[in-house]
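Undergrad: Just one file: target10.txt, with compact mmCIF, C-alpha atoms.
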# COMPACT_ATOMS: atom_id res chain seq x y z
CA MET B 1 105.60 115.02 114.68
CA ALA B 2 108.45 116.39 116.87
CA LEU B 3 107.69 117.91 120.23
CA SER B 4 108.08 121.68 120.76
CA PRO B 5 111.28 122.93 122.43
CA ASP B 6 111.31 123.38 126.19
CA ILE B 7 109.53 126.42 127.53
CA PRO B 8 111.84 129.41 128.01
CA SER B 9 113.22 130.09 131.46
CA ASP B 10 112.31 133.15 133.50
CA GLY B 11 113.96 136.28 132.27
CA ASN B 12 114.40 135.03 128.74
CA ASN B 13 111.01 134.68 127.12
CA PRO B 14 109.38 135.87 123.86
CA GLU B 15 107.94 138.91 125.60
CA ASN B 16 111.29 139.89 127.13
CA PRO B 17 114.08 138.18 125.16
CA GLY B 18 117.57 138.37 126.57
CA SER B 19 116.50 140.51 129.53
CA GLY B 20 118.00 138.17 132.09
CA SER B 21 121.39 138.78 133.67
CA PRO B 22 123.73 136.57 135.70
CA SER B 23 122.31 138.09 138.85
CA ASP B 24 118.79 137.10 137.74
CA ALA B 25 119.70 133.44 137.17
CA PRO B 26 117.62 131.02 139.30
CA SER B 27 119.21 129.18 142.14
CA THR B 28 120.12 125.51 141.83
CA ALA B 29 117.02 124.49 143.75
CA ALA B 30 114.82 126.68 141.55
CA ALA B 31 116.42 125.27 138.42
CA GLY B 32 115.59 121.79 139.62
CA THR B 33 111.97 122.76 140.08
CA GLY B 34 111.91 124.25 136.58
CA GLY B 35 113.18 120.96 135.18
CA HIS B 36 110.26 119.11 136.73
CA ARG B 37 107.90 121.77 135.40
CA ARG B 38 109.33 121.46 131.88
CA GLY B 39 108.93 117.69 132.10
CA ARG B 40 105.28 118.07 133.00
CA VAL B 41 104.75 120.58 130.18
CA ARG B 42 106.36 118.22 127.66
CA ALA B 43 104.09 115.39 128.83
CA ARG B 44 101.03 117.61 128.53
CA ARG B 45 102.07 118.70 125.02
CA ALA B 46 102.55 115.08 123.97
CA ALA B 47 99.07 114.24 125.25
CA VAL B 48 97.52 117.23 123.47
CA MET B 49 99.20 116.36 120.16
CA ALA B 50 97.88 112.80 120.44
CA VAL B 51 94.31 114.11 120.54
CA PRO B 52 94.01 115.19 116.86
CA ALA B 53 95.17 111.77 115.63
CA THR B 54 92.67 110.09 117.94
CA LEU B 55 89.89 112.37 116.73
CA VAL B 56 90.75 111.66 113.09
CA ALA B 57 90.64 107.91 113.68
CA ALA B 58 87.34 108.21 115.54
CA GLY B 59 85.97 110.44 112.78
CA LEU B 60 86.88 107.92 110.08
CA ALA B 61 85.21 105.16 112.07
CA VAL B 62 82.04 107.23 112.37
CA LEU B 63 82.07 108.14 108.68
CA THR B 64 82.53 104.51 107.69
CA ALA B 65 79.69 103.46 109.98
CA GLN B 66 77.48 106.14 108.45
CA GLY B 67 78.40 105.01 104.95
CA ALA B 68 79.81 108.42 104.06
CA LEU B 69 83.09 106.88 102.92
CA GLY B 70 81.50 103.94 101.14
CA VAL B 71 84.32 101.86 99.68
CA GLN B 72 86.62 104.73 98.76
CA PHE B 73 89.86 102.77 98.95
CA ALA B 74 92.12 101.44 96.21
CA ILE B 75 90.87 97.97 95.32
CA SER B 76 93.28 95.15 94.47
CA GLY B 77 91.49 94.42 91.20
CA MET B 78 91.12 90.74 92.17
CA PRO B 79 87.43 89.72 92.31
CA PHE B 80 86.15 87.42 95.01
CA THR B 81 83.04 85.25 95.21
CA VAL B 82 80.52 85.45 98.05
CA THR B 83 77.63 83.01 98.53
CA ALA B 84 75.02 82.52 101.24
CA THR B 85 71.97 80.30 101.47
CA GLU B 86 70.02 83.33 102.67
CA LEU B 87 70.52 87.06 103.25
CA ASN B 88 68.04 89.17 105.22
CA GLY B 89 68.45 92.90 105.60
CA THR B 90 66.71 96.08 106.74
CA GLY B 91 67.47 99.39 105.04
CA PHE B 92 68.52 98.51 101.49
CA GLU B 93 70.02 100.72 98.76
CA GLN B 94 71.60 99.98 95.38
CA PHE B 95 73.27 102.19 92.76
CA GLY B 96 76.03 102.20 90.15
CA SER B 97 79.57 103.32 90.97
CA LEU B 98 83.22 103.08 89.94
CA ASP B 99 86.00 101.41 91.92
CA ASN B 100 89.62 102.38 91.35
CA MET B 101 92.74 100.24 91.62
CA ALA B 102 96.03 101.45 93.03
CA GLU B 103 98.14 103.30 90.47
CA GLY B 104 100.25 100.86 88.47
CA SER B 105 98.27 97.81 89.60
CA PRO B 106 99.21 94.72 87.56
CA ASN B 107 95.51 93.78 87.57
CA ALA B 108 94.43 96.89 85.67
CA GLY B 109 94.76 95.30 82.22
CA ASP B 110 93.04 97.50 79.65
CA THR B 111 90.49 98.90 82.14
CA GLY B 112 92.52 101.96 83.07
CA GLY B 113 92.40 100.73 86.68
CA GLN B 114 88.64 101.23 87.00
CA VAL B 115 85.82 98.72 87.50
CA LEU B 116 82.14 99.55 86.96
CA VAL B 117 80.24 98.07 89.90
CA VAL B 118 76.84 97.97 91.54
CA THR B 119 77.04 99.14 95.14
CA SER B 120 74.57 97.48 97.51
CA ALA B 121 74.20 99.01 100.98
CA ILE B 122 72.30 97.35 103.85
CA LYS B 123 71.88 98.99 107.26
CA ASN B 124 71.54 95.68 109.14
CA ALA B 125 72.06 92.26 107.57
CA THR B 126 72.24 88.59 108.51
CA LEU B 127 73.66 85.83 106.29
CA THR B 128 73.30 82.08 106.63
CA LYS B 129 76.17 79.78 105.62
CA LEU B 130 78.45 82.49 104.28
CA CYS B 131 81.22 81.43 101.91
CA GLN B 132 83.89 83.71 100.43
CA SER B 133 86.65 82.63 98.07
CA VAL B 134 89.47 84.33 96.19
CA ASP B 135 91.14 82.61 93.23
CA LEU B 136 94.90 82.92 93.77
CA GLY B 137 95.82 80.97 90.65
CA GLY B 138 95.86 77.22 91.22
CA THR B 139 94.39 77.50 94.72
CA ASN B 140 91.63 79.40 96.48
CA LEU B 141 91.63 81.25 99.78
CA LEU B 142 88.37 80.07 101.36
CA ILE B 143 86.43 81.59 104.26
CA ARG B 144 83.30 80.05 105.77
CA ALA B 145 81.14 81.25 108.67
CA GLY B 146 77.58 81.18 109.99
CA GLY B 147 77.05 77.50 109.31
CA GLY B 148 75.83 76.71 112.84
CA LYS B 149 73.00 78.09 114.98
CA ASP B 150 74.43 81.64 114.85
CA LYS B 151 74.26 83.59 111.61
CA VAL B 152 76.79 86.05 110.22
CA SER B 153 75.68 89.59 111.04
CA ALA B 154 76.77 92.98 109.74
CA THR B 155 75.84 96.62 110.24
CA ASP B 156 76.36 99.33 107.62
CA LEU B 157 77.32 96.69 105.07
CA THR B 158 78.31 97.72 101.53
CA THR B 159 79.38 95.47 98.67
CA ASP B 160 80.67 96.46 95.23
CA SER B 161 79.66 93.77 92.76
CA THR B 162 79.90 93.04 89.06
CA GLU B 163 77.51 90.08 89.28
CA LEU B 164 74.69 89.23 91.68
CA SER B 165 72.12 86.41 91.53
CA GLY B 166 69.52 84.80 93.77
CA ASP B 167 65.82 84.79 94.57
CA ALA B 168 65.04 88.28 95.88
CA ALA B 169 62.08 89.88 97.65
CA PHE B 170 61.73 93.52 98.76
CA ASP B 171 59.31 95.47 100.96
CA ASN B 172 58.31 99.03 99.98
CA ILE B 173 60.79 99.24 97.12
CA GLU B 174 61.43 102.49 95.25
CA ILE B 175 63.02 102.19 91.79
CA GLY B 176 64.50 105.07 89.81
CA ASN B 177 65.64 107.33 92.64
CA ASP B 178 68.54 109.72 92.17
CA ALA B 179 71.37 108.03 94.08
CA SER B 180 72.21 111.27 95.90
CA THR B 181 68.77 111.26 97.59
CA LEU B 182 68.80 107.76 99.11
CA THR B 183 67.77 107.47 102.76
CA LYS B 184 67.22 103.82 103.72
CA ALA B 185 70.80 102.71 104.55
CA GLY B 186 72.51 106.04 105.24
CA VAL B 187 74.63 105.91 102.08
CA LYS B 188 74.32 108.45 99.25
CA GLY B 189 75.56 107.71 95.74
CA PRO B 190 76.61 110.10 92.95
CA ILE B 191 74.08 112.69 91.80
CA GLY B 192 72.31 111.85 88.55
CA VAL B 193 72.87 108.10 88.96
CA PHE B 194 69.97 105.61 88.77
CA SER B 195 69.27 103.77 92.04
CA GLN B 196 66.70 101.90 94.08
CA GLN B 197 65.97 101.40 97.76
CA ALA B 198 63.66 99.37 99.99
CA ASP B 199 62.72 98.93 103.64
CA THR B 200 63.76 95.26 103.66
CA VAL B 201 65.48 92.76 101.37
CA ARG B 202 65.62 88.96 101.34
CA ILE B 203 67.78 87.02 98.90
CA ALA B 204 67.81 83.22 98.89
CA ASN B 205 70.72 81.36 97.23
CA LEU B 206 72.78 84.56 97.06
CA ARG B 207 75.83 84.60 94.80
CA GLN B 208 78.00 87.67 94.18
CA THR B 209 81.20 88.54 92.36
CA ASN B 210 82.62 91.38 94.45
CA TYR B 211 85.56 93.76 94.29
CA ALA B 212 85.09 95.40 97.69
CA THR B 213 83.17 95.04 100.94
CA THR B 214 82.97 97.30 103.99
CA ALA B 215 81.00 97.08 107.23
CA GLY B 216 80.75 99.05 110.44
CA VAL B 217 80.54 95.76 112.38
CA PHE B 218 81.00 92.29 110.86
CA LYS B 219 80.51 89.21 113.08
CA LEU B 220 81.46 85.79 111.71
CA PRO B 221 80.57 82.97 114.14
CA GLY B 222 82.23 79.64 113.40
CA LEU B 223 84.85 81.28 111.17
CA LYS B 224 87.01 78.87 109.18
CA LEU B 225 89.82 80.04 106.87
CA GLY B 226 91.99 77.88 104.67
CA PHE B 227 93.05 76.95 101.15
CA SER B 228 91.08 74.79 98.75
CA GLY B 229 91.31 73.51 95.20
CA SER B 230 87.80 74.87 94.55
CA GLY B 231 86.01 78.07 95.47
CA CYS B 232 82.49 78.80 96.70
What would the structure in this file look like if it were written as structure tokens?
TA:
Amino acid sequence: MALSPDIPSDGNNPENPGSGSPSDAPSTAAAGTGGHRRGRVRARRAAVMAVPATLVAAGLAVLTAQGALGVQFAISGMPFTVTATELNGTGFEQFGSLDNMAEGSPNAGDTGGQVLVVTSAIKNATLTKLCQSVDLGGTNLLIRAGGGKDKVSATDLTTDSTELSGDAAFDNIEIGNDASTLTKAGVKGPIGVFSQQADTVRIANLRQTNYATTAGVFKLPGLKLGFSGSGC
């Protein structure tokens, strides 16, 4: 965004345009002072115009942390596998949703660029021995973390999955809620959509096929990234 023009000089302003005369012109010393003043005004205007962009960025961060945005970005359409020996979470929600690919994505196939997914939201989660892999055709991009004494941790975690397996246990589970009324993880799904929520969740031998993941904070101790002939 371009800066506004310099402020008008005395005697020629919006309230009194063209009222100045040669005799009213400021002296050289005064003109020099006005130049410094205009410089300060320009700097102040630049700072003020930077504020809205900062507020927008901060607002998006807050909305993401609150789960209000969910995973509302264009997905690549390439699924990735996530495994963990154990996941523990507090504040669990799950409901059906649709993910959309970027317009013209070569991965759309005959899906129309949409993927039906199950969105799982967890307010606070820890994962042991996390593995994530993406099949790139002939090789896999492989990420591992949390294999040592420190576990992977995440806040405001959401995953969009087409497949999920493991040995699960829930505390105080509610099944059949309207997704727009969920309260446990701070995320609300579409109205009229079947959902469930629970105070806590534990899944041993977790395995997911995901299309998207978001988190407010995601900590991966012992992170290792590389390529491999096999995935997770």
Undergrad: Quote the spacing between CA of Ala204 (chain B) and CA of Ala168 (chain B) in Å to one decimal place.
TA: 6.5 Å
Undergrad: Can you pull out the residues contacting Ser180 (chain B)? Cut-off 12 Å, using only C-alpha atoms, and skip same-chain residues under 3 positions away; I want them as a ChimeraX atom specification.
TA: /B:68,93-97,176-177,183-184,186-197
Undergrad: Taking all atoms listed in the file into account, name the residue in B:Thr85, B:Arg144, B:Val118, B:Leu136 that is nearest to Leu225 (chain B).
TA: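 Nearest candidate to Leu225 (chain B) out of B:Thr85, B:Arg144, B:Val118, B:Leu136: B:Arg144.
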Undergrad: CA of Asp135 (chain B) to CA of Gln114 (chain B): how many Å, to one decimal?
TA: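 Result for CA of Asp135 (chain B) versus CA of Gln114 (chain B): 19.8 Å, one decimal.
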Undergrad: Can you tell me how far CA of Asp99 (chain B) sits from CA of Ser120 (chain B), in Å to one decimal?
TA: 13.3 Å
Undergrad: Of the residues B:Leu182, B:Leu220, B:Ile203, B:Val134, which is the one nearest to Ala121 (chain B), using all atoms listed in the file?
TA: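 Closest to Ala121 (chain B) of all the choices is B:Leu182.
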Undergrad: Around the point (74.8, 85.9, 97.7), in the coordinates given by the file, pick out the residues reaching within 10 Å, counting only C-alpha atoms, and return them as a list of chain:residue names.
TA: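 Output of the proximity query reads B:Thr81, B:Val82, B:Thr83, B:Ala84, B:Thr85, B:Glu86, B:Leu87, B:Leu127, B:Thr128, B:Leu130, B:Cys131, B:Gln132, B:Glu163, B:Leu164, B:Ser165, B:Gly166, B:Asp167, B:Ile203, B:Ala204, B:Asn205, B:Leu206, B:Arg207, B:Gln208, B:Thr209.
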Undergrad: List as a list of chain:residue names the protein and nucleic acid residues near Ser228 (chain B), meaning an atom at most 9 Å away when all atoms listed in the file are counted, but skip any in the same chain fewer than 6 places from it.
TA: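 Those residues are B:Thr139, B:Asn140, B:Leu141, B:Leu142.
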Undergrad: Could you pull the residues within 7 Å of Ala102 (chain B), counting all atoms listed in the file, minus those fewer than 3 positions along the same chain, as a list of chain:residue names?
TA: B:Ala74, B:Ile75, B:Ser105
Undergrad: Looking at all atoms listed in the file, which of B:Asn124, B:Thr111, B:Thr159, B:Ser76 is the one that sits closest to Thr213 (chain B)?
TA: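 The shortest atom-to-atom distance to Thr213 (chain B) comes from B:Thr159.
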Undergrad: Because the input lacks atoms here, generate N, CA and C atoms for region 90-115 of chain B and report them as a compact mmCIF listing (two decimals), keeping the file's coordinate frame.
TA:
# COMPACT_ATOMS: atom_id res chain seq x y z
N THR B 90 67.61 94.93 106.59
CA THR B 90 66.71 96.08 106.74
C THR B 90 67.48 97.32 106.31
N GLY B 91 66.81 98.20 105.57
CA GLY B 91 67.47 99.39 105.04
C GLY B 91 68.37 99.04 103.88
N PHE B 92 67.78 98.97 102.67
CA PHE B 92 68.52 98.51 101.49
C PHE B 92 68.60 99.60 100.45
N GLU B 93 69.79 99.78 99.86
CA GLU B 93 70.02 100.72 98.76
C GLU B 93 70.91 100.07 97.72
N GLN B 94 70.77 100.53 96.45
CA GLN B 94 71.60 99.98 95.38
C GLN B 94 71.75 101.02 94.27
N PHE B 95 73.00 101.21 93.81
CA PHE B 95 73.27 102.19 92.76
C PHE B 95 74.59 101.85 92.07
N GLY B 96 74.81 102.44 90.90
CA GLY B 96 76.03 102.20 90.15
C GLY B 96 77.17 103.08 90.64
N SER B 97 78.39 102.57 90.51
CA SER B 97 79.57 103.32 90.97
C SER B 97 80.81 102.82 90.23
N LEU B 98 81.93 103.47 90.50
CA LEU B 98 83.22 103.08 89.94
C LEU B 98 84.21 102.82 91.06
N ASP B 99 84.90 101.69 91.00
CA ASP B 99 86.00 101.41 91.92
C ASP B 99 87.32 101.62 91.20
N ASN B 100 88.32 102.08 91.93
CA ASN B 100 89.62 102.38 91.35
C ASN B 100 90.72 101.53 91.98
N MET B 101 91.58 101.00 91.14
CA MET B 101 92.74 100.24 91.62
C MET B 101 93.88 101.19 91.97
N ALA B 102 94.84 100.68 92.72
CA ALA B 102 96.03 101.45 93.03
C ALA B 102 96.78 101.76 91.73
N GLU B 103 97.42 102.91 91.68
CA GLU B 103 98.14 103.30 90.47
C GLU B 103 99.23 102.28 90.15
N GLY B 104 99.26 101.85 88.89
CA GLY B 104 100.25 100.86 88.47
C GLY B 104 99.90 99.43 88.82
N SER B 105 98.66 99.17 89.22
CA SER B 105 98.27 97.81 89.60
C SER B 105 98.44 96.86 88.42
N PRO B 106 99.05 95.70 88.65
CA PRO B 106 99.21 94.72 87.56
C PRO B 106 97.89 94.10 87.13
N ASN B 107 96.82 94.33 87.91
CA ASN B 107 95.51 93.78 87.57
C ASN B 107 94.66 94.73 86.73
N ALA B 108 95.22 95.89 86.39
CA ALA B 108 94.43 96.89 85.67
C ALA B 108 94.08 96.44 84.26
N GLY B 109 95.00 95.72 83.59
CA GLY B 109 94.76 95.30 82.22
C GLY B 109 94.46 96.49 81.33
N ASP B 110 93.40 96.40 80.52
CA ASP B 110 93.04 97.50 79.65
C ASP B 110 91.86 98.31 80.20
N THR B 111 91.63 98.21 81.52
CA THR B 111 90.49 98.90 82.14
C THR B 111 90.83 100.31 82.57
N GLY B 112 92.11 100.67 82.53
CA GLY B 112 92.52 101.96 83.07
C GLY B 112 92.49 101.98 84.58
N GLY B 113 92.41 100.81 85.21
CA GLY B 113 92.40 100.73 86.68
C GLY B 113 91.05 101.00 87.29
N GLN B 114 89.98 100.98 86.49
CA GLN B 114 88.64 101.23 87.00
C GLN B 114 87.73 100.04 86.72
N VAL B 115 86.80 99.79 87.65
CA VAL B 115 85.82 98.72 87.50
C VAL B 115 84.44 99.31 87.74
